[in-house]
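Raw target_10.pdb, PDB, C-alpha atoms, pLDDT in the B column:
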ATOM      1  CA  MET X   1     112.644 191.226 -42.816  1.00 47.00           C
ATOM      2  CA  LYS X   2     110.975 190.130 -45.996  1.00 52.00           C
ATOM      3  CA  THR X   3     113.761 187.686 -46.957  1.00 56.00           C
ATOM      4  CA  GLU X   4     113.524 185.938 -43.621  1.00 59.00           C
ATOM      5  CA  SER X   5     109.760 185.668 -44.042  1.00 58.00           C
ATOM      6  CA  ASN X   6     110.221 184.191 -47.532  1.00 61.00           C
ATOM      7  CA  TYR X   7     112.778 181.723 -46.171  1.00 56.00           C
ATOM      8  CA  TYR X   8     110.400 180.418 -43.500  1.00 57.00           C
ATOM      9  CA  SER X   9     107.531 180.313 -45.963  1.00 58.00           C
ATOM     10  CA  LEU X  10     109.604 178.280 -48.421  1.00 55.00           C
ATOM     11  CA  ARG X  11     110.894 176.027 -45.654  1.00 60.00           C
ATOM     12  CA  TYR X  12     107.304 175.364 -44.528  1.00 60.00           C
ATOM     13  CA  GLU X  13     106.271 174.440 -48.102  1.00 63.00           C
ATOM     14  CA  VAL X  14     109.253 172.104 -48.527  1.00 63.00           C
ATOM     15  CA  ASN X  15     108.542 170.400 -45.189  1.00 72.00           C
ATOM     16  CA  LYS X  16     104.855 170.068 -46.032  1.00 76.00           C
ATOM     17  CA  ASN X  17     105.685 168.502 -49.416  1.00 85.00           C
ATOM     18  CA  ILE X  18     108.238 166.115 -47.905  1.00 88.00           C
ATOM     19  CA  GLU X  19     105.680 164.917 -45.370  1.00 88.00           C
ATOM     20  CA  THR X  20     103.187 164.323 -48.203  1.00 90.00           C
ATOM     21  CA  TYR X  21     105.806 162.499 -50.283  1.00 92.00           C
ATOM     22  CA  LYS X  22     106.903 160.396 -47.298  1.00 92.00           C
ATOM     23  CA  LYS X  23     103.312 159.312 -46.685  1.00 91.00           C
ATOM     24  CA  ARG X  24     102.792 158.472 -50.351  1.00 93.00           C
ATOM     25  CA  LEU X  25     106.049 156.512 -50.588  1.00 94.00           C
ATOM     26  CA  GLN X  26     105.224 154.551 -47.444  1.00 92.00           C
ATOM     27  CA  GLU X  27     101.794 153.647 -48.858  1.00 92.00           C
ATOM     28  CA  SER X  28     103.108 152.677 -52.284  1.00 94.00           C
ATOM     29  CA  LEU X  29     106.547 151.196 -51.525  1.00 94.00           C
ATOM     30  CA  PRO X  30     105.484 147.537 -51.972  1.00 92.00           C
ATOM     31  CA  ALA X  31     103.906 148.415 -55.336  1.00 92.00           C
ATOM     32  CA  ILE X  32     106.948 150.398 -56.496  1.00 93.00           C
ATOM     33  CA  ARG X  33     109.242 147.564 -55.404  1.00 91.00           C
ATOM     34  CA  ALA X  34     107.134 145.127 -57.474  1.00 87.00           C
ATOM     35  CA  VAL X  35     107.502 147.293 -60.583  1.00 88.00           C
ATOM     36  CA  ALA X  36     111.237 147.654 -59.947  1.00 87.00           C
ATOM     37  CA  GLY X  37     111.599 143.927 -59.325  1.00 83.00           C
ATOM     38  CA  LEU X  38     113.074 144.447 -55.868  1.00 86.00           C
ATOM     39  CA  SER X  39     112.414 142.246 -52.884  1.00 87.00           C
ATOM     40  CA  PRO X  40     112.489 143.899 -49.455  1.00 90.00           C
ATOM     41  CA  VAL X  41     115.834 142.162 -48.878  1.00 91.00           C
ATOM     42  CA  ALA X  42     117.300 143.496 -52.150  1.00 90.00           C
ATOM     43  CA  LEU X  43     116.185 147.067 -51.428  1.00 92.00           C
ATOM     44  CA  ALA X  44     117.546 146.822 -47.887  1.00 93.00           C
ATOM     45  CA  ALA X  45     120.886 145.541 -49.208  1.00 93.00           C
ATOM     46  CA  VAL X  46     121.209 148.453 -51.631  1.00 90.00           C
ATOM     47  CA  LEU X  47     120.434 150.902 -48.812  1.00 92.00           C
ATOM     48  CA  ASP X  48     122.743 149.049 -46.378  1.00 93.00           C
ATOM     49  CA  ILE X  49     119.980 148.629 -43.806  1.00 93.00           C
ATOM     50  CA  GLY X  50     118.234 145.586 -42.383  1.00 91.00           C
ATOM     51  CA  PRO X  51     115.262 144.027 -44.202  1.00 91.00           C
ATOM     52  CA  SER X  52     113.185 144.504 -41.048  1.00 92.00           C
ATOM     53  CA  THR X  53     113.606 148.276 -41.493  1.00 91.00           C
ATOM     54  CA  ILE X  54     111.927 148.065 -44.919  1.00 92.00           C
ATOM     55  CA  ALA X  55     109.131 145.941 -43.409  1.00 90.00           C
ATOM     56  CA  ASN X  56     108.655 148.486 -40.603  1.00 90.00           C
ATOM     57  CA  ILE X  57     108.549 151.386 -43.060  1.00 90.00           C
ATOM     58  CA  GLU X  58     105.947 149.616 -45.188  1.00 89.00           C
ATOM     59  CA  LYS X  59     103.765 148.727 -42.211  1.00 88.00           C
ATOM     60  CA  HIS X  60     104.210 151.747 -39.926  1.00 85.00           C
ATOM     61  CA  PRO X  61     104.125 155.254 -41.431  1.00 69.00           C
ATOM     62  CA  GLU X  62     105.768 156.793 -38.392  1.00 72.00           C
ATOM     63  CA  LYS X  63     108.933 154.772 -39.110  1.00 72.00           C
ATOM     64  CA  MET X  64     109.610 156.682 -42.363  1.00 84.00           C
ATOM     65  CA  THR X  65     112.109 159.352 -41.384  1.00 88.00           C
ATOM     66  CA  THR X  66     113.130 162.044 -43.842  1.00 89.00           C
ATOM     67  CA  VAL X  67     116.554 160.411 -44.124  1.00 90.00           C
ATOM     68  CA  TYR X  68     114.998 157.035 -45.049  1.00 91.00           C
ATOM     69  CA  TYR X  69     112.639 158.769 -47.479  1.00 91.00           C
ATOM     70  CA  LEU X  70     115.524 160.529 -49.230  1.00 91.00           C
ATOM     71  CA  ALA X  71     117.639 157.356 -49.361  1.00 92.00           C
ATOM     72  CA  ILE X  72     114.815 155.211 -50.747  1.00 93.00           C
ATOM     73  CA  ILE X  73     113.509 157.730 -53.288  1.00 92.00           C
ATOM     74  CA  THR X  74     117.052 158.473 -54.497  1.00 91.00           C
ATOM     75  CA  THR X  75     117.739 154.758 -54.932  1.00 91.00           C
ATOM     76  CA  LEU X  76     114.486 154.224 -56.824  1.00 90.00           C
ATOM     77  CA  HIS X  77     115.145 157.247 -59.044  1.00 86.00           C
ATOM     78  CA  SER X  78     118.641 156.004 -59.790  1.00 86.00           C
ATOM     79  CA  LEU X  79     117.136 152.711 -60.969  1.00 82.00           C
ATOM     80  CA  ALA X  80     114.605 154.527 -63.153  1.00 82.00           C
ATOM     81  CA  LEU X  81     117.006 157.110 -64.534  1.00 78.00           C
ATOM     82  CA  ALA X  82     120.082 155.017 -65.170  1.00 70.00           C
ATOM     83  CA  GLU X  83     122.780 156.859 -67.083  1.00 52.00           C
ATOM     84  CA  ASP X  84     123.081 153.989 -69.546  1.00 54.00           C
ATOM     85  CA  MET X  85     120.088 154.462 -71.860  1.00 48.00           C
ATOM     86  CA  GLU X  86     119.731 150.683 -72.222  1.00 57.00           C
ATOM     87  CA  ASP X  87     118.891 150.549 -68.524  1.00 56.00           C
ATOM     88  CA  HIS X  88     116.612 153.607 -68.613  1.00 66.00           C
ATOM     89  CA  ASP X  89     113.241 152.585 -67.163  1.00 77.00           C
ATOM     90  CA  PRO X  90     110.418 154.946 -68.174  1.00 83.00           C
ATOM     91  CA  LEU X  91     107.696 152.744 -66.667  1.00 87.00           C
ATOM     92  CA  LEU X  92     109.312 152.794 -63.222  1.00 89.00           C
ATOM     93  CA  GLN X  93     109.849 156.527 -63.615  1.00 87.00           C
ATOM     94  CA  LYS X  94     106.136 157.006 -64.392  1.00 89.00           C
ATOM     95  CA  VAL X  95     105.038 154.832 -61.476  1.00 92.00           C
ATOM     96  CA  ILE X  96     107.234 156.746 -58.993  1.00 92.00           C
ATOM     97  CA  TYR X  97     105.992 160.057 -60.341  1.00 91.00           C
ATOM     98  CA  ILE X  98     102.314 159.041 -60.249  1.00 92.00           C
ATOM     99  CA  LEU X  99     102.434 157.394 -56.828  1.00 93.00           C
ATOM    100  CA  VAL X 100     104.798 159.734 -54.978  1.00 93.00           C
ATOM    101  CA  ARG X 101     105.847 162.964 -56.648  1.00 89.00           C
ATOM    102  CA  SER X 102     102.905 164.339 -58.627  1.00 89.00           C
ATOM    103  CA  ASN X 103     100.414 166.630 -56.958  1.00 87.00           C
ATOM    104  CA  ASN X 104      98.314 166.618 -60.150  1.00 88.00           C
ATOM    105  CA  VAL X 105      97.220 162.975 -60.045  1.00 89.00           C
ATOM    106  CA  PRO X 106      93.894 162.440 -58.253  1.00 90.00           C
ATOM    107  CA  GLU X 107      94.089 160.185 -55.194  1.00 92.00           C
ATOM    108  CA  VAL X 108      91.580 157.809 -56.790  1.00 92.00           C
ATOM    109  CA  ASN X 109      94.054 157.175 -59.632  1.00 90.00           C
ATOM    110  CA  ARG X 110      96.883 156.543 -57.172  1.00 92.00           C
ATOM    111  CA  ARG X 111      94.720 153.989 -55.348  1.00 93.00           C
ATOM    112  CA  LYS X 112      93.679 152.411 -58.650  1.00 92.00           C
ATOM    113  CA  LEU X 113      97.325 151.949 -59.688  1.00 92.00           C
ATOM    114  CA  ILE X 114      98.419 150.590 -56.299  1.00 93.00           C
ATOM    115  CA  ASN X 115      95.523 148.109 -56.357  1.00 92.00           C
ATOM    116  CA  ALA X 116      96.314 147.052 -59.940  1.00 90.00           C
ATOM    117  CA  ILE X 117      99.962 146.443 -59.053  1.00 90.00           C
ATOM    118  CA  GLN X 118      98.982 144.493 -55.934  1.00 88.00           C
ATOM    119  CA  GLU X 119      96.514 142.374 -57.924  1.00 86.00           C
ATOM    120  CA  ALA X 120      99.149 141.706 -60.588  1.00 85.00           C
ATOM    121  CA  ARG X 121     101.720 140.888 -57.920  1.00 82.00           C
ATOM    122  CA  ASP X 122      99.345 138.521 -56.117  1.00 81.00           C
ATOM    123  CA  SER X 123      98.349 136.719 -59.323  1.00 79.00           C
ATOM    124  CA  ILE X 124     101.925 135.957 -60.415  1.00 76.00           C
ATOM    125  CA  SER X 125     104.176 133.269 -59.028  1.00 67.00           C
ATOM    126  CA  ILE X 126     107.542 134.460 -57.784  1.00 64.00           C
ATOM    127  CA  ARG X 127     109.109 131.032 -58.358  1.00 64.00           C
ATOM    128  CA  ASN X 128     111.042 132.257 -61.393  1.00 58.00           C
ATOM    129  CA  GLY X 129     112.722 134.970 -59.330  1.00 64.00           C
ATOM    130  CA  TYR X 130     112.120 138.699 -59.119  1.00 65.00           C
ATOM    131  CA  TYR X 131     113.194 139.464 -62.697  1.00 64.00           C
ATOM    132  CA  GLY X 132     110.501 137.245 -64.286  1.00 68.00           C
ATOM    133  CA  PHE X 133     108.045 138.483 -61.683  1.00 71.00           C
ATOM    134  CA  ARG X 134     108.902 142.097 -62.554  1.00 75.00           C
ATOM    135  CA  ILE X 135     108.326 141.536 -66.282  1.00 78.00           C
ATOM    136  CA  LYS X 136     104.870 140.032 -65.712  1.00 79.00           C
ATOM    137  CA  VAL X 137     103.770 142.737 -63.252  1.00 82.00           C
ATOM    138  CA  ARG X 138     104.869 145.412 -65.706  1.00 81.00           C
ATOM    139  CA  GLU X 139     102.939 143.808 -68.589  1.00 83.00           C
ATOM    140  CA  LYS X 140      99.768 143.918 -66.521  1.00 83.00           C
ATOM    141  CA  ILE X 141     100.026 147.574 -65.450  1.00 86.00           C
ATOM    142  CA  ARG X 142     101.565 149.309 -68.480  1.00 85.00           C
ATOM    143  CA  THR X 143      98.190 150.227 -70.036  1.00 84.00           C
ATOM    144  CA  LEU X 144      96.795 151.601 -66.781  1.00 86.00           C
ATOM    145  CA  VAL X 145      99.902 153.740 -66.215  1.00 88.00           C
ATOM    146  CA  ASP X 146      99.567 155.181 -69.724  1.00 84.00           C
ATOM    147  CA  GLU X 147      95.872 155.942 -69.094  1.00 84.00           C
ATOM    148  CA  ILE X 148      96.642 157.787 -65.844  1.00 83.00           C
ATOM    149  CA  TRP X 149      99.595 159.718 -67.268  1.00 76.00           C
ATOM    150  CA  PRO X 150      99.491 159.714 -71.089  1.00 72.00           C
ATOM    151  CA  GLY X 151     102.548 160.968 -72.917  1.00 59.00           C
ATOM    152  CA  PHE X 152     104.795 161.109 -69.847  1.00 54.00           C
ATOM    153  CA  CYS X 153     108.438 160.077 -70.625  1.00 46.00           C
TER     154      CYS X 153
END

Output the structure of this file as structure tokens.
Amino acid sequence: MKTESNYYSLRYEVNKNIETYKKRLQESLPAIRAVAGLSPVALAAVLDIGPSTIANIEKHPEKMTTVYYLAIITTLHSLALAEDMEDHDPLLQKVIYILVRSNNVPEVNRRKLINAIQEARDSISIRNGYYGFRIKVREKIRTLVDEIWPGFC
């Protein structure tokens, strides 16, 4: 049957994309958390899981199940796409799209953005809490994000 063949073909494509997205999220989760201003503990609390689970996901790609991927990406998207326009976060939205969802961004640009976020994160003191930390990280990467994905959002 042609419909059955189309179903399995589509299912294969979806599974292949999810595996790609899971790998990308695992690689970029610390960077995305920095842009969002979330500590591993804060993200774990929102997801109602232990902080060690976030640490394991960030360090071991095989620990990222599809369920964890969907929970984390949904949480991050909800932060970026808040219903209240005052809380709308286009920079976080761009970062998630560039690092995880887009198949049109060259891998070299993904790496460049992750490295820039890590450098910004490492150069800033977290003493003032995650909100101040988030603001400073975002200031340092905004231009690079706009270069990689101009006009998005």

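For the pair CA of Ser39 (chain X) and CA of Ile148 (chain X), the interatomic distance is 25.7 Å.
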
* Given all atoms listed in the file as the counted atoms, nearest of X:His77, X:Arg121, X:Arg24, X:Lys136 to Ile98 (chain X) ->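 Among X:His77, X:Arg121, X:Arg24, X:Lys136, it is X:Arg24 that comes nearest to Ile98 (chain X).
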
* Pick from X:Ala116, X:Leu29, X:Val100, X:Ala71 nearest to Asp48 (chain X), counting all atoms listed in the file -> X:Ala71

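Rounded to one decimal, CA of Leu91 (chain X) and CA of Asn103 (chain X) lie 18.4 Å from each other.
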
What lies within 10 Å of Ile72 (chain X) using only C-alpha atoms, ignoring chain neighbours under 3 positions off, as a compact mmCIF listing (two decimals) with C-alpha atoms, keeping the file's coordinate frame?
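Output (result.txt):
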# COMPACT_ATOMS: atom_id res chain seq x y z
CA LEU X 25 106.05 156.51 -50.59
CA LEU X 29 106.55 151.20 -51.52
CA LEU X 43 116.18 147.07 -51.43
CA ALA X 44 117.55 146.82 -47.89
CA VAL X 46 121.21 148.45 -51.63
CA LEU X 47 120.43 150.90 -48.81
CA ILE X 54 111.93 148.06 -44.92
CA MET X 64 109.61 156.68 -42.36
CA THR X 66 113.13 162.04 -43.84
CA VAL X 67 116.55 160.41 -44.12
CA TYR X 68 115.00 157.04 -45.05
CA TYR X 69 112.64 158.77 -47.48
CA THR X 75 117.74 154.76 -54.93
CA LEU X 76 114.49 154.22 -56.82
CA HIS X 77 115.14 157.25 -59.04
CA SER X 78 118.64 156.00 -59.79

* **Distance of CA of Leu81 (chain X) from CA of Gln93 (chain X), expressed in Å to one decimal place** =>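 Between CA of Gln93 (chain X) and CA of Leu81 (chain X) the gap is 7.2 Å.
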
Might you pull out every residue within 12 Å of Arg111 (chain X), with all atoms listed in the file counted and same-chain residues fewer than 2 positions away left off, and present them as an mmCIF file with C-alpha atoms, in the frame of the given file?
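Result file is selection37.cif:
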data_model
loop_
_atom_site.group_PDB
_atom_site.id
_atom_site.type_symbol
_atom_site.label_atom_id
_atom_site.label_comp_id
_atom_site.auth_asym_id
_atom_site.auth_seq_id
_atom_site.Cartn_x
_atom_site.Cartn_y
_atom_site.Cartn_z
ATOM 1 C CA ARG X 24 102.792 158.472 -50.351
ATOM 2 C CA GLU X 27 101.794 153.647 -48.858
ATOM 3 C CA SER X 28 103.108 152.677 -52.284
ATOM 4 C CA ALA X 31 103.906 148.415 -55.336
ATOM 5 C CA ILE X 98 102.314 159.041 -60.249
ATOM 6 C CA LEU X 99 102.434 157.394 -56.828
ATOM 7 C CA VAL X 100 104.798 159.734 -54.978
ATOM 8 C CA VAL X 105 97.220 162.975 -60.045
ATOM 9 C CA PRO X 106 93.894 162.440 -58.253
ATOM 10 C CA GLU X 107 94.089 160.185 -55.194
ATOM 11 C CA VAL X 108 91.580 157.809 -56.790
ATOM 12 C CA ASN X 109 94.054 157.175 -59.632
ATOM 13 C CA LEU X 113 97.325 151.949 -59.688
ATOM 14 C CA ILE X 114 98.419 150.590 -56.299
ATOM 15 C CA ASN X 115 95.523 148.109 -56.357
ATOM 16 C CA ALA X 116 96.314 147.052 -59.940
ATOM 17 C CA ILE X 117 99.962 146.443 -59.053
ATOM 18 C CA GLN X 118 98.982 144.493 -55.934
ATOM 19 C CA LEU X 144 96.795 151.601 -66.781
ATOM 20 C CA ILE X 148 96.642 157.787 -65.844
#

* Smallest atom-to-atom distance to Ile135 (chain X): which of X:Lys22, X:Gly50, X:Ala120, X:Ala80, using all atoms listed in the file? -> X:Ala120

* Structure fact -> Min atom-atom distance to Arg138 (chain X) from the set X:Leu79, X:Leu70, X:Leu92, X:Ala55, counting only C-alpha atoms, belongs to X:Leu92

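Considering all atoms listed in the file, the residue among X:Asn104, X:Lys23, X:Ile96, X:Glu119 positioned nearest to His60 (chain X) is X:Lys23.
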
With 4 Å added on each side, what axis-aligned box encloses every listed atom of region 63-80 of chain X? Give the centre and edge lengths in Å to one decimal, as lines of an AutoDock Vina configuration file.
center_x = 113.8
center_y = 157.4
center_z = -51.1
size_x = 17.7
size_y = 17.3
size_z = 32.0

* Which one of X:Gly37, X:Thr74, X:Pro30, X:Pro150 sits closest to Asn56 (chain X) if you count all atoms listed in the file? ->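 With all atoms listed in the file as the atom set, the closest residue is X:Pro30.
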
Could you write region 39-64 of chain X as a compact mmCIF listing (two decimals), keeping the file's coordinate frame, with N, CA, C and O atoms rebuilt where they are missing?
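New file out06.txt:
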# COMPACT_ATOMS: atom_id res chain seq x y z
N SER X 39 112.95 142.82 -54.11
CA SER X 39 112.41 142.25 -52.88
C SER X 39 112.76 143.21 -51.75
O SER X 39 113.63 144.07 -51.91
N PRO X 40 112.10 143.05 -50.59
CA PRO X 40 112.49 143.90 -49.46
C PRO X 40 113.96 143.70 -49.08
O PRO X 40 114.65 144.65 -48.73
N VAL X 41 114.44 142.47 -49.21
CA VAL X 41 115.83 142.16 -48.88
C VAL X 41 116.78 142.86 -49.84
O VAL X 41 117.80 143.43 -49.44
N ALA X 42 116.44 142.85 -51.15
CA ALA X 42 117.30 143.50 -52.15
C ALA X 42 117.36 145.00 -51.93
O ALA X 42 118.43 145.61 -52.00
N LEU X 43 116.20 145.63 -51.68
CA LEU X 43 116.18 147.07 -51.43
C LEU X 43 116.98 147.40 -50.17
O LEU X 43 117.77 148.35 -50.16
N ALA X 44 116.80 146.60 -49.13
CA ALA X 44 117.55 146.82 -47.89
C ALA X 44 119.05 146.70 -48.12
O ALA X 44 119.83 147.49 -47.59
N ALA X 45 119.46 145.73 -48.93
CA ALA X 45 120.89 145.54 -49.21
C ALA X 45 121.47 146.75 -49.93
O ALA X 45 122.57 147.20 -49.61
N VAL X 46 120.73 147.27 -50.90
CA VAL X 46 121.21 148.45 -51.63
C VAL X 46 121.35 149.65 -50.69
O VAL X 46 122.28 150.44 -50.80
N LEU X 47 120.42 149.77 -49.75
CA LEU X 47 120.43 150.90 -48.81
C LEU X 47 121.36 150.66 -47.61
O LEU X 47 121.55 151.55 -46.79
N ASP X 48 121.89 149.43 -47.49
CA ASP X 48 122.74 149.05 -46.38
C ASP X 48 122.02 149.18 -45.04
O ASP X 48 122.54 149.74 -44.07
N ILE X 49 120.78 148.68 -45.04
CA ILE X 49 119.98 148.63 -43.81
C ILE X 49 119.41 147.22 -43.69
O ILE X 49 119.48 146.43 -44.64
N GLY X 50 118.81 146.91 -42.57
CA GLY X 50 118.23 145.59 -42.38
C GLY X 50 116.89 145.45 -43.08
O GLY X 50 116.14 146.43 -43.19
N PRO X 51 116.56 144.25 -43.56
CA PRO X 51 115.26 144.03 -44.20
C PRO X 51 114.08 144.35 -43.28
O PRO X 51 113.02 144.77 -43.74
N SER X 52 114.28 144.19 -41.99
CA SER X 52 113.18 144.50 -41.05
C SER X 52 112.87 146.00 -41.06
O SER X 52 111.74 146.40 -40.80
N THR X 53 113.85 146.83 -41.39
CA THR X 53 113.61 148.28 -41.49
C THR X 53 112.65 148.56 -42.65
O THR X 53 111.73 149.36 -42.50
N ILE X 54 112.84 147.90 -43.78
CA ILE X 54 111.93 148.06 -44.92
C ILE X 54 110.53 147.61 -44.52
O ILE X 54 109.54 148.29 -44.80
N ALA X 55 110.44 146.46 -43.86
CA ALA X 55 109.13 145.94 -43.41
C ALA X 55 108.45 146.93 -42.47
O ALA X 55 107.26 147.20 -42.59
N ASN X 56 109.23 147.50 -41.54
CA ASN X 56 108.66 148.49 -40.60
C ASN X 56 108.17 149.74 -41.33
O ASN X 56 107.12 150.28 -41.01
N ILE X 57 108.94 150.20 -42.30
CA ILE X 57 108.55 151.39 -43.06
C ILE X 57 107.26 151.12 -43.82
O ILE X 57 106.37 151.98 -43.86
N GLU X 58 107.14 149.93 -44.41
CA GLU X 58 105.95 149.62 -45.19
C GLU X 58 104.71 149.44 -44.31
O GLU X 58 103.61 149.71 -44.75
N LYS X 59 104.91 149.00 -43.08
CA LYS X 59 103.76 148.73 -42.21
C LYS X 59 103.42 149.86 -41.25
O LYS X 59 102.30 149.98 -40.81
N HIS X 60 104.41 150.70 -40.93
CA HIS X 60 104.21 151.75 -39.93
C HIS X 60 104.67 153.09 -40.48
O HIS X 60 105.87 153.35 -40.54
N PRO X 61 103.73 153.97 -40.83
CA PRO X 61 104.12 155.25 -41.43
C PRO X 61 105.05 156.09 -40.55
O PRO X 61 105.89 156.82 -41.06
N GLU X 62 104.93 155.97 -39.27
CA GLU X 62 105.77 156.79 -38.39
C GLU X 62 107.24 156.39 -38.44
O GLU X 62 108.11 157.12 -37.99
N LYS X 63 107.55 155.23 -39.01
CA LYS X 63 108.93 154.77 -39.11
C LYS X 63 109.69 155.40 -40.29
O LYS X 63 110.89 155.25 -40.40
N MET X 64 108.98 156.08 -41.18
CA MET X 64 109.61 156.68 -42.36
C MET X 64 110.17 158.04 -41.97
O MET X 64 109.47 159.04 -41.93
